[in-house]
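**Student:** Attaching a single structure in structure tokens format; questions to follow.
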Amino acid sequence: MIITRFAPSPNGYLHIGNIRIALYSWIFAKKNNGKFLLRIEDTDINDSNKIFKKNIIKDMKWLGLNWDNKVIIQSDRINIYNKIIDELLESKLAYPCFCKINNKIFKKNKKYKKYNKFCRYKNFSSYDLKNKLHVIRFKNPINTEIILNDKIYGLIKFNSNELDDLIIRRENKLPTYNFCVVVDDIYSKITHIIRGSDHISNTPKQINIFNAMNYKVPEYIHIPIILDKNKNKISKIKNNLNLKYFKYNGILSKSIIHYLSSIGNSCFENINKNVFSKKEIINNFNIYKINKSQITFDYKKVLQINKNYLCYTDINKIYKFFRKFINLKKIKIKNDFRILKLFRNSYFTFNEIIENNDFLYIEPKLNINLLKNNLTINNFNIINTINNIKNNIFFINKWNLDNINISLCKEINKYSIEYKHYIYKIIRILISGKLKTTSISIIIYILGKNISINRLDKINIIK
């Protein structure tokens, strides 16, 4: 059975690059009727955060990338790692090292600082092992060629003599990343490791540990990393391409999945559709068609995809996501379904719908100066006209857009085109506090009869 995993470190929010790896690992497992596992790599206590750990799990659920089995938390497995390290020590595949990184034991090289194996050939007393600080190093093979047959980058060869004797346990008795990764991949029976190309340099170190533990090396599929608009590697902390940013801006999880599954490959080129179901993505995606080129993140494309999902997805399904977004933003909106139905074709995100139409759920303060500056015709006439419109609205029996338009036109059609535009401008200021909005009849329809009348009544302030 094919088993993949997504193994983030809880040192920041999941960003678009992390999510791409999670998605590809999830798709590959589902496409092959396999298992997809979630693992939290938190053995570096200085770099791990409990809040980010919880966020990873929440974000994976929000994306709909459900995992099989229980979440693996590395910090819960320290005893397992240490037990295996002790076994490697007994087998002479690892050794204690008392050297300090900054002393003369280390050779300095322009490319890297590499340990010269000073302690590798020493024997230490039990007293030293119990009472002196030391690390445990893995015995890197000497004069060996390490071969990585990557499914994207092809055959890559490494010279073992260029690799360090990897520290697998720190002075604080905690195991290190590269070691824990291999142990968990073995215990979880991972068959395919899908991750960013920035991890290629870790691969020969991990292959050596797999071999030392007499375990078949999994298949490696390294994915080119995504760059931000400035062609820089995406950061978990300093970049606005993390999942929190997308969630709070009202981007659908489906849009993110659609975008990430379609970039850097030719899987969907011949499919003329605006939206995809997860089943369609799984069926059409082929991880072996990914090209080696790095990709620059295209936010405009994400927005267009998101607009397609807003427009073409069943309104009741979209409404469920809209409600969750409103709750996330902690906003109280009474006519949220009406707002979504009328505006979903006009904007790219939920956030745009909310921010550009805040007057629909928040009473706008009447801008007296704006109102007076736009009162260029006899005040008595415009007050009379607005009050007549207000009365017409009051007597609408069936509340719908057609009847609202009729009630407006009943009064406004009495006047010249120039005066009509003028009336609409004043109505717009009264009910929204703005000079530019969507159709006035739509605003009145969403606000409802009572609120609309109350806002129009403010015209009488200028008497």
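In the structure tokens, chains take the letters A, B, ... in the order shown, each chain's residues start at 1, and ligands count up from 1 in the order shown.
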What's the 7 Å shell around Leu63 (chain A), counting only C-alpha atoms, without same-chain residues fewer than 3 positions away, as a PyMOL selection string?

**Tutor:** chain A and resi 59-60+253

**Student:** When DSSP works through the backbone of this structure, what residues of region 175-424 of chain A end up as helix (DSSP H, G or I), shown as a VMD selection string?

**Tutor:** chain A and resid 177 to 187 197 to 212 243 to 248 253 to 262 278 to 284 287 to 289 299 to 312 315 to 329 336 to 343 350 to 356 358 to 360 368 to 373 379 to 394 401 to 412 417 to 424

**Student:** Contacts of Tyr312 (chain A) at 10 Å or less, counting only C-alpha atoms, minus same-chain residues fewer than 4 places along, as a PyMOL selection string?

**Tutor:** chain A and resi 274-275+307-308+318+344-345

**Student:** Generate the output file for the selected residues, N, CA and C atoms, as a short mmCIF file (atom, residue, chain, number, x, y, z; two decimals), in the first residue's frame.

**Tutor:**
data_model
loop_
_atom_site.label_atom_id
_atom_site.label_comp_id
_atom_site.auth_asym_id
_atom_site.auth_seq_id
_atom_site.Cartn_x
_atom_site.Cartn_y
_atom_site.Cartn_z
N ASN A 274 -14.48 25.88 -15.14
CA ASN A 274 -14.17 26.98 -14.23
C ASN A 274 -13.90 26.49 -12.82
N VAL A 275 -14.55 25.40 -12.45
CA VAL A 275 -14.37 24.85 -11.09
C VAL A 275 -14.18 23.34 -11.18
N LYS A 307 -13.19 33.80 -7.70
CA LYS A 307 -14.42 34.40 -8.25
C LYS A 307 -15.24 33.37 -9.01
N ASN A 308 -14.55 32.48 -9.74
CA ASN A 308 -15.26 31.42 -10.46
C ASN A 308 -16.04 30.53 -9.50
N ILE A 318 -22.05 27.71 -1.07
CA ILE A 318 -21.21 28.89 -0.84
C ILE A 318 -21.63 29.60 0.44
N ARG A 344 -22.28 38.10 -5.07
CA ARG A 344 -21.22 37.10 -5.29
C ARG A 344 -20.62 37.16 -6.70
N ASN A 345 -21.39 37.65 -7.68
CA ASN A 345 -20.88 37.77 -9.05
C ASN A 345 -20.06 39.03 -9.28
#

**Student:** Any idea what's packed within 12 Å of Phe285 (chain A), counting only C-alpha atoms, ignoring anything in its chain fewer than 4 positions away? Could you give it as a ChimeraX atom specification?

**Tutor:** /A:23-32,257-258,260-269,271,276,278-281,289-290

**Student:** Please dump the current selection as a tab-separated table (two decimals), in the first residue's frame; keep C-alpha atoms.

**Tutor:**
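And here's again-v8.tsv as it stands now:
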chain	number	residue	atom	x	y	z
A	23	LEU	CA	-2.00	18.68	-1.16
A	24	TYR	CA	0.24	16.67	-3.50
A	25	SER	CA	0.91	14.09	-0.79
A	26	TRP	CA	-2.82	13.83	-0.09
A	27	ILE	CA	-3.77	13.55	-3.78
A	28	PHE	CA	-1.08	10.94	-4.47
A	29	ALA	CA	-2.32	8.76	-1.60
A	30	LYS	CA	-5.99	9.11	-2.56
A	31	LYS	CA	-5.31	8.47	-6.25
A	32	ASN	CA	-3.57	5.21	-5.39
A	257	ILE	CA	-6.54	23.64	-3.87
A	258	HIS	CA	-7.58	24.34	-7.48
A	260	LEU	CA	-2.01	24.66	-6.39
A	261	SER	CA	-3.05	21.50	-8.22
A	262	SER	CA	-2.95	23.25	-11.59
A	263	ILE	CA	0.36	25.18	-11.44
A	264	GLY	CA	3.67	23.85	-12.73
A	265	ASN	CA	2.13	20.93	-14.60
A	266	SER	CA	0.05	20.15	-17.68
A	267	CYS	CA	-2.58	17.98	-15.99
A	268	PHE	CA	-5.53	20.34	-16.53
A	269	GLU	CA	-4.58	22.06	-19.79
A	271	ILE	CA	-10.04	20.57	-19.40
A	276	PHE	CA	-13.25	21.36	-10.12
A	278	LYS	CA	-11.86	17.18	-5.40
A	279	LYS	CA	-12.68	13.95	-7.21
A	280	GLU	CA	-11.90	15.58	-10.56
A	281	ILE	CA	-8.63	16.96	-9.21
A	289	LYS	CA	4.01	15.65	-14.90
A	290	ILE	CA	5.35	18.38	-12.61

**Student:** Do you know which residues are at most 7 Å from Val182 (chain A) counting only C-alpha atoms, after dropping those on the same chain fewer than 6 positions away, and could you put them as a list in words?

**Tutor:**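 So, after excluding close chain neighbours, the residues are Gln206, Ile209 and Phe210 of chain A.
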
**Student:** Okay, now the selection with N, CA and C atoms, as a compact mmCIF listing (two decimals), in the first residue's frame?

**Tutor:**
# COMPACT_ATOMS: atom_id res chain seq x y z
N GLN A 206 19.64 11.27 5.17
CA GLN A 206 18.54 10.39 5.57
C GLN A 206 18.65 9.02 4.92
N ILE A 209 20.91 6.87 6.97
CA ILE A 209 20.27 6.34 8.19
C ILE A 209 19.32 5.20 7.83
N PHE A 210 18.56 5.35 6.74
CA PHE A 210 17.70 4.25 6.28
C PHE A 210 18.55 2.98 6.08

**Student:** How many Å lie between CA of Asn33 (chain A) and CA of Arg5 (chain A), rounded to one decimal?

**Tutor:**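 Separation between CA of Asn33 (chain A) and CA of Arg5 (chain A): 14.1 Å.
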
**Student:** Restricting the calculation to only C-alpha atoms, which member of A:Leu328, A:Ala7, A:Ile442, A:Val181 is positioned closest to Lys244 (chain A)?

**Tutor:**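 Going through A:Leu328, A:Ala7, A:Ile442, A:Val181 one by one, the smallest distance to Lys244 (chain A) is for A:Leu328.
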
**Student:** Would you return as a list in words the members of region 188-419 of chain A that DSSP assigns to strand (DSSP E or B) on this structure's backbone?

**Tutor:**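 Reading the DSSP output for region 188-419 of chain A, strand (DSSP E or B) covers His192, Ile193, Ile194, Arg195, Gly196, Glu219, Tyr220, Ile221, His222, Ile223, Ile226, Leu227, Lys233, Asn242, Ile295 and Thr296 of chain A.
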
**Student:** Show which residues sit within 12 Å of Asn11 (chain A), as a ChimeraX atom specification. Count only C-alpha atoms, and ignore same-chain residues fewer than 5 positions away.

**Tutor:** /A:40-56,235-237

**Student:** Could I get the residues of region 207-258 of chain A with an atom no further than 12 Å from an atom of region 138-146 of chain A, each paired with its nearest atom pair and that distance in Å to one decimal, using only C-alpha atoms, sorted by chain and residue number, as a tab-separated table?

**Tutor:**
residue	atom	partner	partner_atom	distance
A:Ile207	CA	A:Ile146	CA	7.8
A:Asn208	CA	A:Asn140	CA	7.1
A:Ile209	CA	A:Phe138	CA	8.0
A:Phe210	CA	A:Phe138	CA	11.8
A:Asn211	CA	A:Pro141	CA	10.2
A:Ala212	CA	A:Lys139	CA	9.3
A:Met213	CA	A:Phe138	CA	11.6
A:Val217	CA	A:Ile146	CA	11.6

**Student:** Hey, which bits of region 306-379 of chain A sit within 10 Å of region 426-429 of chain A, and for each residue what's the closest pair of atoms and how far apart in Å (one decimal), counting only C-alpha atoms, rows by chain and increasing number, as JSON lines?

**Tutor:**
{"residue": "A:Pro364", "atom": "CA", "partner": "A:Ile429", "partner_atom": "CA", "distance": 9.6}
{"residue": "A:Leu366", "atom": "CA", "partner": "A:Ile429", "partner_atom": "CA", "distance": 7.9}
{"residue": "A:Asn367", "atom": "CA", "partner": "A:Ile429", "partner_atom": "CA", "distance": 8.0}
{"residue": "A:Ile368", "atom": "CA", "partner": "A:Ile429", "partner_atom": "CA", "distance": 9.6}
{"residue": "A:Leu370", "atom": "CA", "partner": "A:Ile429", "partner_atom": "CA", "distance": 7.8}
{"residue": "A:Leu371", "atom": "CA", "partner": "A:Ile429", "partner_atom": "CA", "distance": 6.7}
{"residue": "A:Lys372", "atom": "CA", "partner": "A:Ile426", "partner_atom": "CA", "distance": 9.6}
{"residue": "A:Asn374", "atom": "CA", "partner": "A:Ile426", "partner_atom": "CA", "distance": 7.4}
{"residue": "A:Leu375", "atom": "CA", "partner": "A:Ile426", "partner_atom": "CA", "distance": 7.7}

**Student:** Could you please take those selected residues and save C-alpha atoms as a short mmCIF file (atom, residue, chain, number, x, y, z; two decimals), in the first residue's frame?

**Tutor:**
data_model
loop_
_atom_site.label_atom_id
_atom_site.label_comp_id
_atom_site.auth_asym_id
_atom_site.auth_seq_id
_atom_site.Cartn_x
_atom_site.Cartn_y
_atom_site.Cartn_z
CA PRO A 364 -23.32 54.68 8.61
CA LEU A 366 -24.54 60.70 8.22
CA ASN A 367 -21.88 62.88 6.66
CA ILE A 368 -23.61 66.26 6.90
CA LEU A 370 -21.07 65.50 2.13
CA LEU A 371 -24.84 65.85 2.04
CA LYS A 372 -24.84 69.66 2.09
CA ASN A 374 -24.23 67.86 -2.89
CA LEU A 375 -27.46 69.77 -2.23
#

**Student:** Might you pull out every residue within 12 Å of Lys70 (chain A), with only C-alpha atoms counted and same-chain residues fewer than 4 positions away left off, and present them as a short mmCIF file (atom, residue, chain, number, x, y, z; two decimals) with N, CA and C atoms, in the first residue's frame?

**Tutor:**
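Everything below was put into result.cif:
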data_model
loop_
_atom_site.label_atom_id
_atom_site.label_comp_id
_atom_site.auth_asym_id
_atom_site.auth_seq_id
_atom_site.Cartn_x
_atom_site.Cartn_y
_atom_site.Cartn_z
N LYS A 35 -2.75 5.62 1.97
CA LYS A 35 -2.99 6.37 3.21
C LYS A 35 -2.18 7.65 3.21
N PHE A 36 -2.75 8.66 3.83
CA PHE A 36 -2.08 9.96 3.99
C PHE A 36 -1.99 10.26 5.48
N LEU A 37 -0.77 10.47 5.96
CA LEU A 37 -0.56 10.69 7.39
C LEU A 37 -0.13 12.12 7.67
N LEU A 38 -0.48 12.60 8.86
CA LEU A 38 -0.06 13.92 9.32
C LEU A 38 0.87 13.76 10.51
N ARG A 39 2.03 14.42 10.41
CA ARG A 39 3.03 14.33 11.48
C ARG A 39 3.50 15.74 11.85
N ILE A 40 3.55 16.04 13.12
CA ILE A 40 4.03 17.33 13.59
C ILE A 40 5.46 17.17 14.10
N ILE A 57 -3.33 21.68 12.59
CA ILE A 57 -4.43 20.71 12.57
C ILE A 57 -5.72 21.38 12.10
N ASN A 66 -8.06 15.63 4.87
CA ASN A 66 -8.18 14.74 6.03
C ASN A 66 -7.13 13.65 5.97
N SER A 188 6.09 4.39 10.29
CA SER A 188 4.82 4.62 9.60
C SER A 188 4.74 3.89 8.26
#

**Student:** Please report, as CSV, each residue of region 163-189 of chain A lying at most 12 Å from region 88-96 of chain A, together with the nearest pair of atoms and the separation in Å rounded to one decimal; use only C-alpha atoms, and order rows by chain and ascending residue number.

**Tutor:**
residue,atom,partner,partner_atom,distance
A:Asp165,CA,A:Ala94,CA,8.9
A:Leu166,CA,A:Ala94,CA,9.3
A:Ile167,CA,A:Ala94,CA,9.3
A:Ile168,CA,A:Ala94,CA,8.7
A:Arg169,CA,A:Pro96,CA,9.3
A:Arg170,CA,A:Pro96,CA,10.3
A:Glu171,CA,A:Pro96,CA,10.2
A:Lys173,CA,A:Pro96,CA,11.7
A:Phe179,CA,A:Leu88,CA,11.5

**Student:** By how many Å are CA of Ser75 (chain A) and CA of His192 (chain A) apart?

**Tutor:**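 These atoms are spaced 23.2 Å apart.
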
**Student:** So how far away is CA of Asn284 (chain A) from CA of Ile152 (chain A), in Å?

**Tutor:**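 If I compute the distance from CA of Ile152 (chain A) to CA of Asn284 (chain A), I get 18.1 Å.
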